[in-house]
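Chemist: Please find one structure pasted underneath; my questions will follow.
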Amino acid sequence: MAAFASILVLISGFSHAIVNAILKSGKDKMAGRALIDGFSAVLALPFAFFVPLPAHAWGWLAGSWAVHLLYLYTLIKSFEQSDLTVAYPIARGLAPVLTALAVVTLFHEDVTLTVAIGIALIGAGVMFIGVSHTLQKSALFWAAMTGSCIAGYTVIDARGVRLAPSAASYIVWTFILLGGGLGSIFAVRRGKAFLVSAATQWQPGLVAGGFSIASYGLALWAFRLGATPRLAALRETSILFGTLIAVVYLKERLSRGRWTGVCAIALGAMTLVACG
C-alpha cells in the first residue's frame, strides 16, 4: 500500500508541474488560473452523481477552500515577480517541511529518521535554489507565502479525505467547490479582461484543468493511504519536473547553485521513495 501511494504521488508531482508550466506561460495569470479551476470543476461535476456526499468532511472542505483561495492569489503574485525555476522550488520546497511540523505537532503523526532526512534534503535544496538568485524581497515573500498555504491545505485535506466516505467523494467535491468557486472569483476579478484572455487561453486552460484533477486527486488518494509527511514531501518531485519544463520549454537558465539545489531535492526524493 505504501508503494502504491508513492506511485500515485509521483504521478501527481509530474501532473502538477505541467499545470504550473501552463499557468506560467500564459500572459494573464489570473485569467489563466480562472480557466484552469473552472474547467476542473466542469470535468468533475458529472462524477458527483456517482459518489456519496462527503459526510463528516464538509468542515475540512470549507477550510481547504479558504486556504486555497489565499494560495492561488499568492501563487499568481509569485509567478508575476520571478522565474518559474525560482518561485516554484521555493514554494514547493518549503511546503513539506512546514507540513511535517504541522502534522507532528497537531495530529501526532510519526516521522522516522529516514523521512526526516529526506525532508531535510529537500529543504536544503530549496535554500540552494533561493540563494542562487538575487530576489527582491517581495518575490521571496510571495513564494514563502505560497509554500505556507500549500502546507496549510495539505494538512487540512489529508485529514478531510480520511473522514470522507471514500477518496473519490472528497476528490470530486474538492474540485467542484474549489474549481467552481475560486474560478468564478478570479474570472469576476479580471472582468472583461477575462473574456479576452479566455478566447485565446481556453485550450491550454482545459488541458491544465484535466491535469489539475490528476495532480491533486491522486495526491488526496495517496494521503488516505499513507503517512502525510513522507507523501507530502515526495510530491515535491514536481520541483524536478517543473525545472525540466522551465529549462526545455520556457528557456529559463539554471545557475550552478540552482543545479546544486535540484540535485539535493532529487536525493531527498529518492530517500523518501526508498523508505516507503
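Ligands are numbered from 1 in the order shown, residues from 1 within each chain, and chains are lettered A, B, ... in the order they appear in the C-alpha cells.
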Mind the document's chain letters and residue numbers, and return as a PyMOL selection string the residues of stretch 3-83 of chain A that DSSP labels helix (DSSP H, G or I).

Modeler: chain A and resi 3-25+29-49+58-81

Chemist: Give me, as number ranges by chain, all polymer residues having an atom no more than 7 Å from stretch 170-177 of chain A, counting only C-alpha atoms and skipping those fewer than 3 positions away in the same chain.

Modeler: A: 40-41, 44-45, 47-48, 54, 61, 161, 164, 166-167, 180-181, 217, 220

Chemist: Which neighbours of A:Cys275 fall inside 9 Å, counting only C-alpha atoms, when residues of the same chain fewer than 6 positions from it are skipped, and could you give them as a list in words?

Modeler: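 Listing them by chain and then by number gives Thr114, Val115 and Arg230 of chain A.
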
Chemist: Quick one: everything within 12 Å of A:Ser184, counting only C-alpha atoms, minus sequence neighbours fewer than 2 positions away in the same chain. Send it as a PyMOL selection string.

Modeler: chain A and resi 30-39+41+69+176-182+186-191+194

Chemist: Of the candidates A:Val207, A:Ala2, A:Ala266, A:Ala227, which one gets nearest to A:His16 if we count only C-alpha atoms?

Modeler: A:Val207

Chemist: One decimal, in Å: what's the spacing between atom CA of A:Phe14 and atom CA of A:Gly26?

Modeler: 19.1 Å

Chemist: State, in Å with one decimal place, the distance from atom CA of A:Leu195 to atom CA of A:Val19.

Modeler: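 Distance between the two atoms: 20.7 Å.
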
Chemist: Find, counting only C-alpha atoms, the residue in A:Ala274, A:Trp259, A:Val9, A:Ile156 that gets nearest to A:Phe128.

Modeler: A:Trp259

Chemist: I want to know what sits within 12 Å of A:Cys149, based on only C-alpha atoms, with residues of the same chain fewer than 5 positions away left out; could you give that as a PyMOL selection string?

Modeler: chain A and resi 63-75+91-92+94-96+98-99+142-144+154-156

Chemist: Could you write out the selected residues, including N, CA and C atoms, as a tab-separated table (two decimals), in the first residue's frame?

Modeler:
chain	number	residue	atom	x	y	z
A	63	GLY	N	-12.54	24.66	5.08
A	63	GLY	CA	-11.24	25.18	5.46
A	63	GLY	C	-10.26	25.13	4.30
A	64	SER	N	-10.29	24.03	3.55
A	64	SER	CA	-9.42	23.89	2.39
A	64	SER	C	-9.73	24.95	1.35
A	65	TRP	N	-11.02	25.24	1.15
A	65	TRP	CA	-11.44	26.25	0.17
A	65	TRP	C	-10.84	27.61	0.52
A	66	ALA	N	-10.90	27.97	1.80
A	66	ALA	CA	-10.39	29.27	2.23
A	66	ALA	C	-8.88	29.37	2.03
A	67	VAL	N	-8.16	28.32	2.40
A	67	VAL	CA	-6.70	28.35	2.26
A	67	VAL	C	-6.31	28.32	0.78
A	68	HIS	N	-7.03	27.55	-0.03
A	68	HIS	CA	-6.73	27.51	-1.46
A	68	HIS	C	-6.93	28.87	-2.12
A	69	LEU	N	-7.92	29.62	-1.66
A	69	LEU	CA	-8.14	30.95	-2.21
A	69	LEU	C	-6.91	31.83	-1.99
A	70	LEU	N	-6.39	31.81	-0.77
A	70	LEU	CA	-5.18	32.58	-0.47
A	70	LEU	C	-3.99	32.02	-1.25
A	71	TYR	N	-3.90	30.69	-1.35
A	71	TYR	CA	-2.80	30.05	-2.07
A	71	TYR	C	-2.74	30.48	-3.54
A	72	LEU	N	-3.89	30.44	-4.20
A	72	LEU	CA	-3.90	30.78	-5.62
A	72	LEU	C	-3.53	32.23	-5.85
A	73	TYR	N	-3.95	33.10	-4.96
A	73	TYR	CA	-3.59	34.51	-5.09
A	73	TYR	C	-2.08	34.69	-4.91
A	74	THR	N	-1.51	34.06	-3.88
A	74	THR	CA	-0.07	34.20	-3.64
A	74	THR	C	0.74	33.54	-4.76
A	75	LEU	N	0.22	32.44	-5.31
A	75	LEU	CA	0.89	31.76	-6.42
A	75	LEU	C	0.98	32.67	-7.64
A	91	ALA	N	8.46	27.73	-3.17
A	91	ALA	CA	7.12	27.47	-2.65
A	91	ALA	C	6.91	25.99	-2.36
A	92	ARG	N	7.25	25.16	-3.33
A	92	ARG	CA	7.01	23.72	-3.16
A	92	ARG	C	7.99	23.09	-2.18
A	94	LEU	N	9.38	24.59	0.60
A	94	LEU	CA	9.04	24.94	1.97
A	94	LEU	C	7.86	24.13	2.49
A	95	ALA	N	6.95	23.80	1.59
A	95	ALA	CA	5.69	23.16	1.99
A	95	ALA	C	5.86	21.86	2.77
A	96	PRO	N	6.69	20.89	2.32
A	96	PRO	CA	6.77	19.63	3.07
A	96	PRO	C	7.38	19.79	4.46
A	98	LEU	N	7.07	22.46	6.43
A	98	LEU	CA	6.01	23.02	7.26
A	98	LEU	C	4.89	22.01	7.50
A	99	THR	N	4.60	21.18	6.49
A	99	THR	CA	3.57	20.16	6.64
A	99	THR	C	3.95	19.15	7.71
A	142	TRP	N	6.23	36.42	-1.50
A	142	TRP	CA	5.11	35.74	-2.13
A	142	TRP	C	5.39	34.26	-2.32
A	143	ALA	N	6.64	33.90	-2.61
A	143	ALA	CA	6.98	32.48	-2.74
A	143	ALA	C	6.86	31.77	-1.40
A	144	ALA	N	7.33	32.42	-0.33
A	144	ALA	CA	7.22	31.82	1.01
A	144	ALA	C	5.77	31.72	1.46
A	154	THR	N	-2.60	21.17	2.59
A	154	THR	CA	-2.21	19.76	2.61
A	154	THR	C	-2.61	19.10	3.92
A	155	VAL	N	-2.34	19.77	5.02
A	155	VAL	CA	-2.70	19.24	6.34
A	155	VAL	C	-4.22	19.10	6.45
A	156	ILE	N	-4.95	20.12	6.02
A	156	ILE	CA	-6.41	20.09	6.09
A	156	ILE	C	-6.98	18.96	5.24

Chemist: For A:His108, which residue out of A:Ser148, A:Trp60, A:Ser78, A:Pro229 is the nearest one, using only C-alpha atoms?

Modeler: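 Checking each of A:Ser148, A:Trp60, A:Ser78, A:Pro229 against A:His108, counting only C-alpha atoms, the winner is A:Pro229.
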
Chemist: Of the residues A:Thr200, A:Thr271, A:Thr146, A:Thr228, which is the one nearest to A:Ala87, using only C-alpha atoms?

Modeler: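 Closest to A:Ala87 of all the choices is A:Thr146.
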